[in-house]
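Have a look at the structure below before the remarks.
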Amino acid sequence: MKTSLISNPVLRQLLLAQPRKLIGGALLAALTAVAGMALLGLSGWFITATSIAGLHASTAIVFDVFGPSAGIRLLAIGRTGSRYAERLVTHDATFAALASIRVRLFRGWSRPEAASRLLRQPAKLLFRLTADIDALESLYLRLLVPAFTALCVALLAGVALGVMQWQLGLGLAVWLLAAGGGVSWIVARGARRPAIVRSRAIEKLRSGTIDLVAGQTDLVMAGRIDAQCAALGQIDRSLAQADFALLRLETAAGAAYGVAGGATLAAVLLAVAALVEQQTMSLPLAALALLIALTAVEPFAGLRRGALEAGRMLLAVRRLAPRLDVEEITAPPVDAAPGLRLEHVSAAHAGSNNAILHDVSLHIADGERVALIGPSGAGKSTLLAIAACELAPLSGKVAAPRACLFTQKTELFQDSLRDNLRLADPSASDAQLWAALQSAGLDDEVRAFAGGLDTMLGEGGLGLSGGQARRLALARLFLHESTLWLLDEATEALNAQTAIDVLQRLRARSEGRSLLIATHLRREAALADRLVSLRDGRIVGDARRGTDAFETALAGLRGD
């Protein structure tokens, strides 16, 4: 994929996020390489000139040893300082640029359908957020900076030798750019396919291994454990083949740079020997020219690592670009409004154009409680996703206030109780957290924990029972500043006593809020003022409390 800096959002964000620091870092890297070359060249010239001057007393007396010595010390100190500054500036700028890309990427995912996409492809999205963005680090540090440094060194080496003899300087510069740049180009082209294969294989291997560990019981029961292991083995073999191809290229590149360096040194040696013999160049200058030629190939060898990873960088740019595009991260407009209003809304599952909701119109007033009932697949959860602005409609208009979703699946993280609660309100005080826990009926149990609010939970809320986890999620709901609560099978899989208690607490805390409840259960639907029946993605009934239709629809739901 051919992209330009102007058109590609990844390159634009990477290179224009900290332009001064990135340019300054590249200049410092070139200055470090040039200082090293000048240091070695000046040292060689000084040693040679001192040796020749020492052959005669008259020249030894007048020979200035202080100026070159000072220059050598200055270059040595300057090279050390520029090296430190270069590492500091380039890495600081790179990490800042990558951090901004991660923020933009995360915002690009924080759109309608984000949660469902995360549930479908958690490993893939995590890989984009980590490994793919890490690959961009190499784009600047291992490709662009070494390429700029090598270019500067080649031009300066050509100028330095051109001052002594212009044909020699021009020939050296052209040879360095042709040989050094050519080897890097060949390596990059050869490494592109194995680098891409390697990156994809690592992603598949990680995802497959997680599936194997997390689902080993189901795989054994289905008789698929051996097939899964065989598939992972095949991916691992592909990864090993890609690694071997890259190692072979790296070895070949090292040999090529070695040959190029030897050829450069031999050619310059023959040229300066001829010039010394013709007495058009002095011995100290000849030593200077040789040492410059010796160090001029080294920066090109530094391109080897970047050339080997060029394919991985290209793949990362290609995969990240769509979600960094400004047009793509702009969420569809949703009108904020009191209550909830859906006008002629049609919707489909994420990534599909086959509608599962058809021309649905629904209005929920402030403080009103509505239950969605109907068979599985009727579109209840899809309608809740529309109300939560998690799913963009295919057509129609949505006007929704800030909503909070409470489902049968409790999402808890490997963190403290306090921080799991503060997901709903990061600024909540401990007093507010305890009040929410009390309203959820969990405060006494949390106080009994040795760590209290600082109690650490395991992955997925490990350490809490199912009822405790649901009450913790309920406390988080109470903390959330929203006027619309969306309940999706909120008490499914809870025992009757716990479910009734949870529903009573929901009723007590829902005063002044609108509720939209998707349910098959009579106990949950009993919270509602209206029962809206869905079938095949269409509203087929709307019964209000106090009517016979309401009681009939309620009686038809599943009991405890």
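Numbering starts fresh at 1 for the residues of each chain in the structure tokens, the chains themselves are lettered A, B, ... in the order given, and ligands are numbered from 1 as they appear.
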If we count only C-alpha atoms, what is near range 126-131 of chain A at a cut-off of 12 Å, once residues fewer than 4 positions away on the same chain are taken out, given as a VMD selection string? chain A and resid 98 to 109 117 to 122 135 to 138 199 to 207 312 to 313 315 to 324
Among range 440-482 of chain A, which ones does DSSP place in alpha helix (DSSP H), written as a ChimeraX atom specification? /A:440,443-448,466-479
Shell of 8 Å around range 176-179 of chain A, only C-alpha atoms, local chain residues under 4 positions omitted, as a list in words: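 My reading of the contact set: Leu151, Ala154, Leu172, Val183, Ala260, Ala296 and Val297 of chain A.
With only C-alpha atoms as the atoms that count, the residue of A:Gly190, A:Gly556, A:Gly233, A:Gly460 with the shortest distance to Ala252 in chain A is A:Gly190.
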Got a sec: who's within 9 Å of His480 in chain A, counting only C-alpha atoms, leaving out chain neighbours fewer than 5 positions off, as a VMD selection string? chain A and resid 403 to 404 423 to 425 475
Taking only C-alpha atoms into account, which of A:Ala70, A:Ala267, A:Val360, A:Leu474 comes nearest Gly171 in chain A?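 With only C-alpha atoms as the atom set, the closest residue is A:Ala267.
Distances from A:Ile196, A:Ile292, A:Val268, A:Ala348 to Val159 in chain A were compared using only C-alpha atoms, and the smallest one belongs to A:Ile292.
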Would you pick out the contacts of Leu161 in chain A at 10 Å or less, using only C-alpha atoms, so that residues sharing its chain but fewer than 6 positions from it are not included, and give the list as number ranges by chain? A: 167-173, 268, 285-286, 288-290, 292-293
Save out the residues we just selected, C-alpha atoms, as a compact mmCIF listing (two decimals), in the first residue's frame.
# COMPACT_ATOMS: atom_id res chain seq x y z
CA GLN A 167 37.12 12.96 -7.83
CA LEU A 168 37.88 10.91 -4.73
CA GLY A 169 35.20 12.67 -2.70
CA LEU A 170 32.54 12.39 -5.39
CA GLY A 171 33.31 8.74 -5.99
CA LEU A 172 33.13 7.92 -2.27
CA ALA A 173 29.78 9.68 -1.78
CA VAL A 268 40.34 4.57 -0.81
CA LEU A 285 45.81 13.62 5.09
CA ALA A 286 46.03 10.10 3.67
CA LEU A 288 42.59 11.05 7.67
CA ALA A 289 41.00 9.92 4.39
CA LEU A 290 41.42 6.24 5.26
CA ILE A 292 36.91 8.60 7.27
CA ALA A 293 36.33 5.85 4.72
Residue contacts of range 31-48 of chain A (6 Å, only C-alpha atoms) excluding same-chain residues fewer than 2 positions away, as a PyMOL selection string: chain A and resi 28-29+50-51+72+75+79+82-83+284+287-288+291-292+295
I need the chosen residues saved as a compact mmCIF listing (two decimals), in the first residue's frame, with N, CA, C and O atoms.
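selection-v2.txt, freshly written:
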# COMPACT_ATOMS: atom_id res chain seq x y z
N LEU A 28 20.60 15.39 15.98
CA LEU A 28 21.54 14.97 17.01
C LEU A 28 22.16 13.61 16.68
O LEU A 28 23.34 13.37 16.92
N ALA A 29 21.35 12.71 16.10
CA ALA A 29 21.89 11.41 15.70
C ALA A 29 22.93 11.58 14.61
O ALA A 29 24.00 10.94 14.64
N THR A 50 52.15 13.80 14.06
CA THR A 50 53.10 13.87 15.18
C THR A 50 54.30 12.96 14.93
O THR A 50 55.45 13.33 15.21
N SER A 51 54.04 11.78 14.39
CA SER A 51 55.14 10.86 14.10
C SER A 51 56.08 11.44 13.06
O SER A 51 57.31 11.37 13.19
N ILE A 72 40.40 16.98 19.64
CA ILE A 72 40.05 15.58 19.94
C ILE A 72 39.22 15.50 21.21
O ILE A 72 38.21 14.78 21.27
N LEU A 75 35.71 16.84 20.55
CA LEU A 75 34.90 15.89 19.79
C LEU A 75 34.47 14.71 20.66
O LEU A 75 33.35 14.22 20.54
N ARG A 79 30.68 14.20 21.34
CA ARG A 79 30.05 12.97 20.86
C ARG A 79 29.27 12.29 21.98
O ARG A 79 28.14 11.82 21.78
N SER A 82 26.15 14.51 22.69
CA SER A 82 25.15 14.44 21.64
C SER A 82 24.47 13.07 21.60
O SER A 82 23.28 12.96 21.31
N ARG A 83 25.24 12.01 21.91
CA ARG A 83 24.66 10.68 21.96
C ARG A 83 23.58 10.60 23.05
O ARG A 83 22.48 10.08 22.83
N PRO A 284 49.66 12.51 6.56
CA PRO A 284 48.59 12.73 7.55
C PRO A 284 47.21 12.84 6.92
O PRO A 284 46.23 12.29 7.44
N ALA A 287 46.04 9.40 5.99
CA ALA A 287 45.52 8.69 7.16
C ALA A 287 44.11 9.17 7.51
O ALA A 287 43.22 8.38 7.84
N LEU A 288 43.91 10.48 7.41
CA LEU A 288 42.59 11.05 7.67
C LEU A 288 41.55 10.49 6.69
O LEU A 288 40.46 10.09 7.08
N LEU A 291 40.67 6.78 7.50
CA LEU A 291 39.84 6.60 8.68
C LEU A 291 38.40 7.11 8.44
O LEU A 291 37.44 6.55 8.97
N ILE A 292 38.26 8.14 7.63
CA ILE A 292 36.91 8.60 7.27
C ILE A 292 36.20 7.52 6.47
O ILE A 292 35.02 7.20 6.71
N THR A 295 34.96 4.61 8.68
CA THR A 295 33.77 4.84 9.51
C THR A 295 32.53 5.19 8.71
O THR A 295 31.42 5.19 9.26
Point-to-point distance in Å for CA of Gln408 in chain A and CA of Glu492 in chain A: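 Separating CA of Glu492 in chain A from CA of Gln408 in chain A is a distance of 5.8 Å.
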Interatomic distance, CA of Ser482 in chain A to CA of Arg530 in chain A (Å, one decimal): 20.9 Å
Would you kindly return, as a ChimeraX atom specification, each protein, DNA or RNA residue with an atom no farther than 7 Å from any atom of Arg513 in chain A, considering only C-alpha atoms and excluding same-chain residues fewer than 3 positions away? /A:366-367,483-484,510
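As for CA of Asn354 in chain A and CA of Leu531 in chain A, they are spaced 26.5 Å apart.
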